[in-house]
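**Student:** I am attaching a structure below and will ask some questions about it afterwards.
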Amino acid sequence: MIGVFDSGVGGLTILKSIHKKLPEYSTIYLGDNARAPYGDLSQEQITAYTWEGVRFLFESGCSLVVLACNTASAQALQTIQQEYLRPDSGKKVLGIIRPTVEAMSELGQERGNLVTNEVTKLPQIKALGIFATQATVDSEIYLDEFKDQKSELEIYQQACPGWVMMIENGEDKNKALEIIKADIDKLFSQNSTIDAVLLACTHYPFFHDQVVQSLPAGIKVFDQGDLVADKLVDYIKRHTEINDQLDRTSKRQFFTTGKAEHVSKVAETIVGEKIDFEHIDLNAESR
Ligand code: DGL
């Protein structure tokens, strides 16, 4: 099975794309809703909580876990991959930041110079705004990953405190507009010529329409879901030893450390389909 982990309901935006691109693959989703938001926590806390989630997914039968959370990918992935995962375990943990940056760089080469500044038919993107949690912004990982891709993009980051909990609490999206507009203004005050933005927190695509509505006209908005899912398809094609372990009977399970009824309701209003979450306790001693 493929495990998909997030601090809350945000990872559903990635899971939806995974189900679209890999419909037969069985998945287990885990949201650590009881401890969200991760974006304001320390690296130690994010790493400890993420590892607890990953271990639960391994114990539930996953051999591959996707951290469908930028904050966990930025702050916890390296320690988990390099220090916690036993190389002989046959299990893998992937993040979503490198795949996002690689996929955007490839898009640029194919159709529009996102990265390379080649002259093509599509409008050029020279300055990219990144909306993310404080912990992702502080890690500067997006700056490093775009640099690794030899990108010539100018990057401007803006933390958006408050967005995640408005989504977790199931608040009226239009009530969020004022806060969204204020964060957009802050981003554009760094550089008014930004011509595209990336929603680099998996919760934020739930506000996609509100972001588009609040941005100056003509600004392209990138969500990560399809970019990450395409890269996951590539990954499992290249890693047959992992692919062979993955169940392909389209099972879908949803777990939360929060209140199952509330999380199921929030998930349903934002994803648009009925999802039944089951509560679990991540406390290692009790399992
Ligand atoms: N959805 C997560 C992300 O992509 C984290 C949100 C949070 O818990 O602060 O960064």
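Going through the structure tokens in order, the chains are called A, B, and so on, while each chain numbers its residues from 1 and the ligands are numbered from 1 in the order shown.
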Go through segment 68-189 of chain A and collect every residue that DSSP, computed from the backbone, puts in helix (DSSP H, G or I); the answer should be as an NGL selection string.
**Tutor:** :A and (70-75 or 77-84 or 87-89 or 97-111 or 134-139 or 141-148 or 163-168 or 173-189)
**Student:** List all protein, DNA and RNA residues that have any atom at most 6 Å from ligand 1, counting only C-alpha atoms and all ligand atoms, and write the list as a ChimeraX atom specification.
**Tutor:** /A:6-7,10,36-39,69-71,133,164,201-203
**Student:** Could the residues in this selection be saved with C-alpha atoms as a compact mmCIF listing (two decimals), in the first residue's frame?
**Tutor:**
```
# COMPACT_ATOMS: atom_id res chain seq x y z
CA ASP A 6 -0.01 15.12 6.37
CA SER A 7 -0.48 17.21 9.50
CA GLY A 10 -4.17 19.16 3.38
CA ALA A 36 -1.86 20.54 13.38
CA PRO A 37 -0.65 23.05 12.45
CA TYR A 38 2.92 21.83 12.04
CA GLY A 39 3.98 25.09 10.42
CA CYS A 69 3.10 17.90 3.62
CA ASN A 70 5.66 20.53 2.65
CA THR A 71 6.43 21.32 6.26
CA THR A 133 4.02 27.72 6.17
CA VAL A 164 -4.17 26.04 7.67
CA CYS A 201 1.39 23.97 1.48
CA THR A 202 -0.94 21.10 0.71
CA HIS A 203 -3.80 22.80 2.55
```
**Student:** What does the structure give for the distance between atom CA of Ala267 of chain A and atom CA of Ala200 of chain A, in Å to one decimal?
**Tutor:**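 These atoms are spaced 19.3 Å apart.
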**Student:** What gap, in Å, lies between atom CA of Ala260 of chain A and atom CA of Ala176 of chain A?
**Tutor:**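 Calculated distance between atom CA of Ala260 of chain A and atom CA of Ala176 of chain A is 24.2 Å.
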**Student:** Please, which residues of segment 24-186 of chain A, numbered as in this document, come out strand (DSSP E or B) from DSSP, as a list of chain:residue names?
**Tutor:**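 DSSP-assigned strand (DSSP E or B) residues in segment 24-186 of chain A: A:Thr27, A:Ile28, A:Tyr29, A:Leu30, A:Gly31, A:Leu64, A:Val65, A:Val66, A:Leu67, A:Lys92, A:Val93, A:Leu94, A:Ala127, A:Leu128, A:Gly129, A:Ile130, A:Phe131, A:Ala132, A:Glu154, A:Ile155, A:Tyr156, A:Gln157, A:Gln158, A:Ala159.
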**Student:** For Phe255 of chain A, which residue among A:Gly8, A:Pro216, A:Gly225, A:Gly129 is the nearest when counting only C-alpha atoms?
**Tutor:**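 The closest residue to Phe255 of chain A is A:Gly8.
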**Student:** Considering only C-alpha atoms, state which residue in the set A:Glu140, A:Asn243, A:Lys20, A:Leu282 is at the smallest distance from Tyr49 of chain A.
**Tutor:**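 Using only C-alpha atoms, the shortest distance to Tyr49 of chain A belongs to A:Leu282.
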**Student:** Could you pull the residues within 10 Å of Trp51 of chain A, counting only C-alpha atoms, minus those fewer than 4 positions along the same chain, as a list in words?
**Tutor:**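 Once the nearby chain positions are removed, what remains is Gln45, Ile46, Thr47, Arg55, Phe56, Leu57, Ala72, Ala76, Leu77, Thr79, Ile80, Tyr84 and Leu85 of chain A.
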**Student:** Keeping only N, CA, C and O atoms, take the residues you just selected and write them out as a CSV table (one decimal), in the first residue's frame.
**Tutor:**
```csv
chain,number,residue,atom,x,y,z
A,45,GLN,N,10.1,18.8,16.9
A,45,GLN,CA,8.7,18.4,17.1
A,45,GLN,C,8.1,17.8,15.7
A,45,GLN,O,7.5,16.8,15.7
A,46,ILE,N,8.4,18.6,14.7
A,46,ILE,CA,7.9,18.1,13.3
A,46,ILE,C,8.5,16.7,13.0
A,46,ILE,O,7.7,15.8,12.5
A,47,THR,N,9.7,16.6,13.3
A,47,THR,CA,10.4,15.3,12.9
A,47,THR,C,9.8,14.2,13.8
A,47,THR,O,9.5,13.1,13.3
A,55,ARG,N,5.7,5.6,11.0
A,55,ARG,CA,5.7,4.2,11.6
A,55,ARG,C,4.3,3.6,11.7
A,55,ARG,O,4.2,2.4,11.4
A,56,PHE,N,3.3,4.4,12.0
A,56,PHE,CA,2.0,3.9,12.0
A,56,PHE,C,1.6,3.3,10.6
A,56,PHE,O,1.1,2.3,10.4
A,57,LEU,N,2.0,4.1,9.5
A,57,LEU,CA,1.7,3.7,8.2
A,57,LEU,C,2.4,2.4,7.8
A,57,LEU,O,1.9,1.5,7.1
A,72,ALA,N,6.6,18.9,6.7
A,72,ALA,CA,7.3,17.7,7.1
A,72,ALA,C,8.4,17.4,6.1
A,72,ALA,O,9.5,16.9,6.5
A,76,ALA,N,11.5,17.3,8.2
A,76,ALA,CA,11.7,16.0,8.8
A,76,ALA,C,12.3,15.0,7.9
A,76,ALA,O,12.8,14.0,8.3
A,77,LEU,N,12.0,15.2,6.6
A,77,LEU,CA,12.3,14.1,5.6
A,77,LEU,C,13.8,13.6,5.7
A,77,LEU,O,14.1,12.4,5.7
A,79,THR,N,16.1,13.7,8.0
A,79,THR,CA,16.4,12.9,9.2
A,79,THR,C,15.8,11.5,9.1
A,79,THR,O,16.5,10.5,9.4
A,80,ILE,N,14.6,11.5,8.7
A,80,ILE,CA,13.9,10.2,8.5
A,80,ILE,C,14.6,9.3,7.5
A,80,ILE,O,14.9,8.1,7.8
A,84,TYR,N,16.6,7.5,10.5
A,84,TYR,CA,15.6,6.6,11.1
A,84,TYR,C,15.3,5.4,10.3
A,84,TYR,O,15.0,4.3,10.8
A,85,LEU,N,15.3,5.5,9.0
A,85,LEU,CA,14.9,4.4,8.1
A,85,LEU,C,16.1,3.4,8.0
A,85,LEU,O,17.1,3.8,7.5
```
**Student:** How many Å separate atom CA of Gly170 of chain A from atom CA of Tyr204 of chain A?
**Tutor:**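 That distance, rounded to one decimal, is 13.0 Å.
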